[in-house]
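Colleague: Dropping in start_11.pdb, which is PDB, C-alpha atoms:
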```pdb
ATOM      1  CA  MET K   1       0.000   0.000   0.000
ATOM      2  CA  THR K   2       1.290   3.451  -0.914
ATOM      3  CA  THR K   3       0.736   6.156   1.644
ATOM      4  CA  THR K   4       0.498   9.871   0.979
ATOM      5  CA  THR K   5       0.687  10.819   4.634
ATOM      6  CA  ALA K   6       4.395  11.713   4.733
ATOM      7  CA  PRO K   7       4.287  13.956   1.625
ATOM      8  CA  HIS K   8       1.266  15.824   3.010
ATOM      9  CA  THR K   9       3.011  16.402   6.336
ATOM     10  CA  THR K  10       6.094  17.593   4.453
ATOM     11  CA  THR K  11       3.933  19.963   2.399
ATOM     12  CA  VAL K  12       2.336  21.463   5.513
ATOM     13  CA  ALA K  13       5.747  21.940   7.152
ATOM     14  CA  ALA K  14       7.040  23.587   3.951
ATOM     15  CA  MET K  15       4.095  26.012   3.951
ATOM     16  CA  TYR K  16       4.765  27.021   7.575
ATOM     17  CA  GLU K  17       8.454  27.526   6.767
ATOM     18  CA  ALA K  18       7.478  29.671   3.750
ATOM     19  CA  PHE K  19       5.154  31.700   5.979
ATOM     20  CA  GLY K  20       8.070  32.356   8.324
ATOM     21  CA  ARG K  21      10.094  33.661   5.366
ATOM     22  CA  GLY K  22       7.191  35.712   4.012
ATOM     23  CA  ASP K  23       7.235  33.629   0.803
ATOM     24  CA  LEU K  24       3.631  33.786  -0.397
ATOM     25  CA  ALA K  25       4.447  32.278  -3.805
ATOM     26  CA  ALA K  26       5.813  29.136  -2.133
ATOM     27  CA  ILE K  27       2.647  28.789  -0.055
ATOM     28  CA  LEU K  28       0.334  29.309  -3.029
ATOM     29  CA  SER K  29       2.264  26.711  -5.041
ATOM     30  CA  HIS K  30       0.916  24.048  -2.660
ATOM     31  CA  LEU K  31      -2.723  25.199  -2.934
ATOM     32  CA  SER K  32      -5.243  24.242  -5.601
ATOM     33  CA  GLU K  33      -6.467  27.154  -7.705
ATOM     34  CA  ASP K  34      -9.929  26.933  -6.093
ATOM     35  CA  VAL K  35      -8.771  26.218  -2.521
ATOM     36  CA  THR K  36     -11.301  27.071   0.194
ATOM     37  CA  TRP K  37     -10.138  28.819   3.362
ATOM     38  CA  ASP K  38     -12.342  28.810   6.473
ATOM     39  CA  VAL K  39     -15.410  28.115   4.346
ATOM     40  CA  THR K  40     -18.115  26.402   6.387
ATOM     41  CA  GLU K  41     -21.645  25.290   5.640
ATOM     42  CA  GLU K  42     -22.752  25.966   9.198
ATOM     43  CA  PRO K  43     -22.749  29.417  10.816
ATOM     44  CA  TRP K  44     -19.472  30.339  12.518
ATOM     45  CA  THR K  45     -19.365  33.231  15.011
ATOM     46  CA  PRO K  46     -16.169  34.881  13.630
ATOM     47  CA  HIS K  47     -17.771  35.067  10.186
ATOM     48  CA  ALA K  48     -20.794  36.854  11.644
ATOM     49  CA  ALA K  49     -18.501  39.153  13.663
ATOM     50  CA  GLY K  50     -16.497  40.068  10.557
ATOM     51  CA  VAL K  51     -13.074  39.037  11.898
ATOM     52  CA  PRO K  52     -10.891  39.974   8.903
ATOM     53  CA  TRP K  53      -8.462  37.032   9.145
ATOM     54  CA  LEU K  54     -11.309  34.547   9.557
ATOM     55  CA  THR K  55     -13.358  35.662   6.550
ATOM     56  CA  PRO K  56     -14.236  32.735   4.262
ATOM     57  CA  ARG K  57     -12.057  32.802   1.167
ATOM     58  CA  GLN K  58     -11.706  30.871  -2.061
ATOM     59  CA  GLY K  59      -8.898  30.808  -4.589
ATOM     60  CA  HIS K  60      -5.369  32.176  -4.638
ATOM     61  CA  ASP K  61      -6.295  35.875  -4.805
ATOM     62  CA  GLN K  62      -8.515  35.730  -1.729
ATOM     63  CA  VAL K  63      -6.030  33.580   0.205
ATOM     64  CA  ALA K  64      -3.322  36.127  -0.662
ATOM     65  CA  GLU K  65      -5.537  38.763   1.023
ATOM     66  CA  PHE K  66      -5.517  36.605   4.168
ATOM     67  CA  PHE K  67      -1.714  36.520   4.162
ATOM     68  CA  GLU K  68      -1.592  40.283   3.672
ATOM     69  CA  ILE K  69      -3.575  40.666   6.922
ATOM     70  CA  VAL K  70      -1.634  38.181   9.064
ATOM     71  CA  GLY K  71       1.658  39.203   7.496
ATOM     72  CA  ALA K  72       1.276  42.592   9.198
ATOM     73  CA  TRP K  73       1.256  40.961  12.647
ATOM     74  CA  ASN K  74       4.339  41.010  14.873
ATOM     75  CA  TYR K  75       4.900  37.367  15.820
ATOM     76  CA  GLU K  76       6.555  36.532  19.090
ATOM     77  CA  ARG K  77       5.823  32.844  18.568
ATOM     78  CA  PHE K  78       4.585  30.664  15.711
ATOM     79  CA  GLU K  79       5.400  27.100  16.640
ATOM     80  CA  LEU K  80       4.240  23.851  15.101
ATOM     81  CA  LEU K  81       3.646  21.640  18.152
ATOM     82  CA  ASP K  82       2.453  18.434  16.497
ATOM     83  CA  THR K  83       0.672  16.950  13.505
ATOM     84  CA  LEU K  84      -1.936  14.244  13.018
ATOM     85  CA  THR K  85      -2.220  12.715   9.569
ATOM     86  CA  SER K  86      -4.445  10.593   7.373
ATOM     87  CA  ASP K  87      -4.388   9.825   3.665
ATOM     88  CA  THR K  88      -6.204  13.058   2.814
ATOM     89  CA  GLN K  89      -5.707  15.413   5.776
ATOM     90  CA  VAL K  90      -3.124  16.870   8.114
ATOM     91  CA  GLY K  91      -4.134  18.381  11.420
ATOM     92  CA  ALA K  92      -1.494  20.759  12.763
ATOM     93  CA  GLU K  93      -1.397  22.050  16.329
ATOM     94  CA  ILE K  94       0.103  25.551  16.368
ATOM     95  CA  HIS K  95       0.936  27.868  19.249
ATOM     96  CA  LEU K  96       0.988  31.462  18.122
ATOM     97  CA  THR K  97       1.528  34.712  19.930
ATOM     98  CA  ALA K  98       1.315  37.948  17.974
ATOM     99  CA  ASP K  99       0.734  41.659  18.393
ATOM    100  CA  LEU K 100      -1.760  43.054  15.910
ATOM    101  CA  PRO K 101      -1.547  46.451  14.187
ATOM    102  CA  ASN K 102      -4.649  47.572  16.137
ATOM    103  CA  GLY K 103      -2.724  47.197  19.429
ATOM    104  CA  ASN K 104      -4.407  43.935  20.461
ATOM    105  CA  ARG K 105      -2.659  40.620  21.034
ATOM    106  CA  ILE K 106      -3.399  36.980  20.288
ATOM    107  CA  ASP K 107      -1.854  34.153  22.294
ATOM    108  CA  GLU K 108      -3.476  30.815  21.567
ATOM    109  CA  VAL K 109      -3.175  27.237  20.444
ATOM    110  CA  VAL K 110      -5.011  26.580  17.186
ATOM    111  CA  ILE K 111      -5.654  23.559  15.006
ATOM    112  CA  HIS K 112      -5.237  23.900  11.252
ATOM    113  CA  LEU K 113      -6.964  21.131   9.306
ATOM    114  CA  TRP K 114      -5.462  20.852   5.825
ATOM    115  CA  THR K 115      -7.351  18.754   3.254
ATOM    116  CA  PHE K 116      -5.554  17.488   0.146
ATOM    117  CA  GLY K 117      -6.917  16.615  -3.285
ATOM    118  CA  PRO K 118      -5.821  13.663  -5.417
ATOM    119  CA  ASP K 119      -3.120  15.809  -7.074
ATOM    120  CA  GLY K 120      -1.439  16.447  -3.700
ATOM    121  CA  LYS K 121      -2.481  20.102  -3.526
ATOM    122  CA  VAL K 122      -4.397  21.618  -0.616
ATOM    123  CA  ILE K 123      -8.077  21.956  -1.467
ATOM    124  CA  ALA K 124      -9.252  23.297   1.923
ATOM    125  CA  LEU K 125      -8.077  24.787   5.189
ATOM    126  CA  ARG K 126     -10.303  24.913   8.242
ATOM    127  CA  ARG K 127      -9.121  26.365  11.549
ATOM    128  CA  MET K 128     -10.297  25.520  15.053
ATOM    129  CA  LEU K 129      -9.491  28.289  17.508
ATOM    130  CA  ASP K 130     -10.679  30.446  20.370
ATOM    131  CA  THR K 131     -13.414  32.361  18.559
ATOM    132  CA  ALA K 132     -14.070  34.774  21.461
ATOM    133  CA  ALA K 133     -10.374  35.704  21.691
ATOM    134  CA  ASN K 134     -10.184  36.322  17.940
ATOM    135  CA  ILE K 135     -13.335  38.434  17.928
ATOM    136  CA  ALA K 136     -11.939  40.485  20.831
ATOM    137  CA  ALA K 137      -8.555  40.856  19.107
ATOM    138  CA  ALA K 138     -10.239  42.110  15.948
ATOM    139  CA  GLY K 139     -11.728  44.908  18.053
TER     140      GLY K 139
END
```
Before anything else, please render the file you have as structure tokens.
Modeller:
Amino acid sequence: MTTTTAPHTTTVAAMYEAFGRGDLAAILSHLSEDVTWDVTEEPWTPHAAGVPWLTPRQGHDQVAEFFEIVGAWNYERFELLDTLTSDTQVGAEIHLTADLPNGNRIDEVVIHLWTFGPDGKVIALRRMLDTAANIAAAG
């Protein structure tokens, strides 16, 4: 049996490393053209609250807007703590601490759930996080 788990984990790690370098092109190269980002079928409080970095997005242009927002944060910590993998998904536990341009701060552990298509590209990202803290940080 051939497993795709290791390549997916490697891809996720490469995207986090690219984020640390500010290399948006490297991140986008791992995403399908119609990738969905925090798109949910059920209501999600941060969407209703209009948290800019938690707005549902689709495609490279909209995902690039996300990285423009979070790229302006001053990160004290962005640490990959662990990953859980399957044939089609990687769950990544991240601890991040950052000061936002509006003067607020985020310090939390989040889960990023990356879903991969048959071509090995990311087709979806869904984040599990402290919604109240993010709404407060957005001001």
Colleague: For the provided coordinates, the residues matched by the PyMOL selection byres ((chain K and resi 73-86) around 8) should be stated as JSON, numbers by chain.
Modeller: {"K": [5, 9, 69, 70, 71, 72, 87, 88, 89, 90, 91, 92, 93, 94, 95, 96, 97, 98, 99, 100, 101]}
Colleague: If you apply the PyMOL selection byres ((chain K and resi 42-57) around 10) to this file, what residues do you get, as number ranges by chain?
Modeller: K: 34-41, 58-70, 124-127, 130-139
Colleague: Which polymer residues have any atom within 9 Å of an atom of Tyr16 of chain K, counting all atoms listed in the file, with same-chain residues fewer than 3 positions away left out, as a list in words?
Modeller: Thr11, Val12, Ala13, Phe19, Gly20, Arg21, Ile27, Phe78 and Leu80 of chain K
Colleague: I need the residue nearest Asp107 of chain K from this list: K:Val122, K:Leu24, K:Leu129, K:Ala18. Use all atoms listed in the file for the distance.
Modeller: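 When distances to Asp107 of chain K are compared using all atoms listed in the file, the smallest one comes from K:Leu129.
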Colleague: Please list, as a list in words, the residues that have an atom at most 9 Å away from (-6.3, 21.0, -3.3) in the coordinates of this file, counting only C-alpha atoms.
Modeller: His30, Leu31, Ser32, Glu33, Asp34, Val35, Thr36, Thr115, Phe116, Gly117, Pro118, Asp119, Gly120, Lys121, Val122, Ile123 and Ala124 of chain K
Colleague: Enclose the full set of atoms of segment 130-137 of chain K listed in the file within a box whose edges lie along x, y and z, apply 3 Å of padding to each of the six sides, and report centre and edge lengths in Å to one decimal as JSON.
Modeller:
```
{"center_x": -11.3, "center_y": 35.7, "center_z": 19.8, "size_x": 11.5, "size_y": 16.4, "size_z": 9.8}
```
Colleague: Provide the atom CA of Trp114 of chain K to atom CA of Met15 of chain K distance in Å, to one decimal place.
Modeller: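 Taking atom CA of Trp114 of chain K as the start and atom CA of Met15 of chain K as the end point, the length is 11.0 Å.
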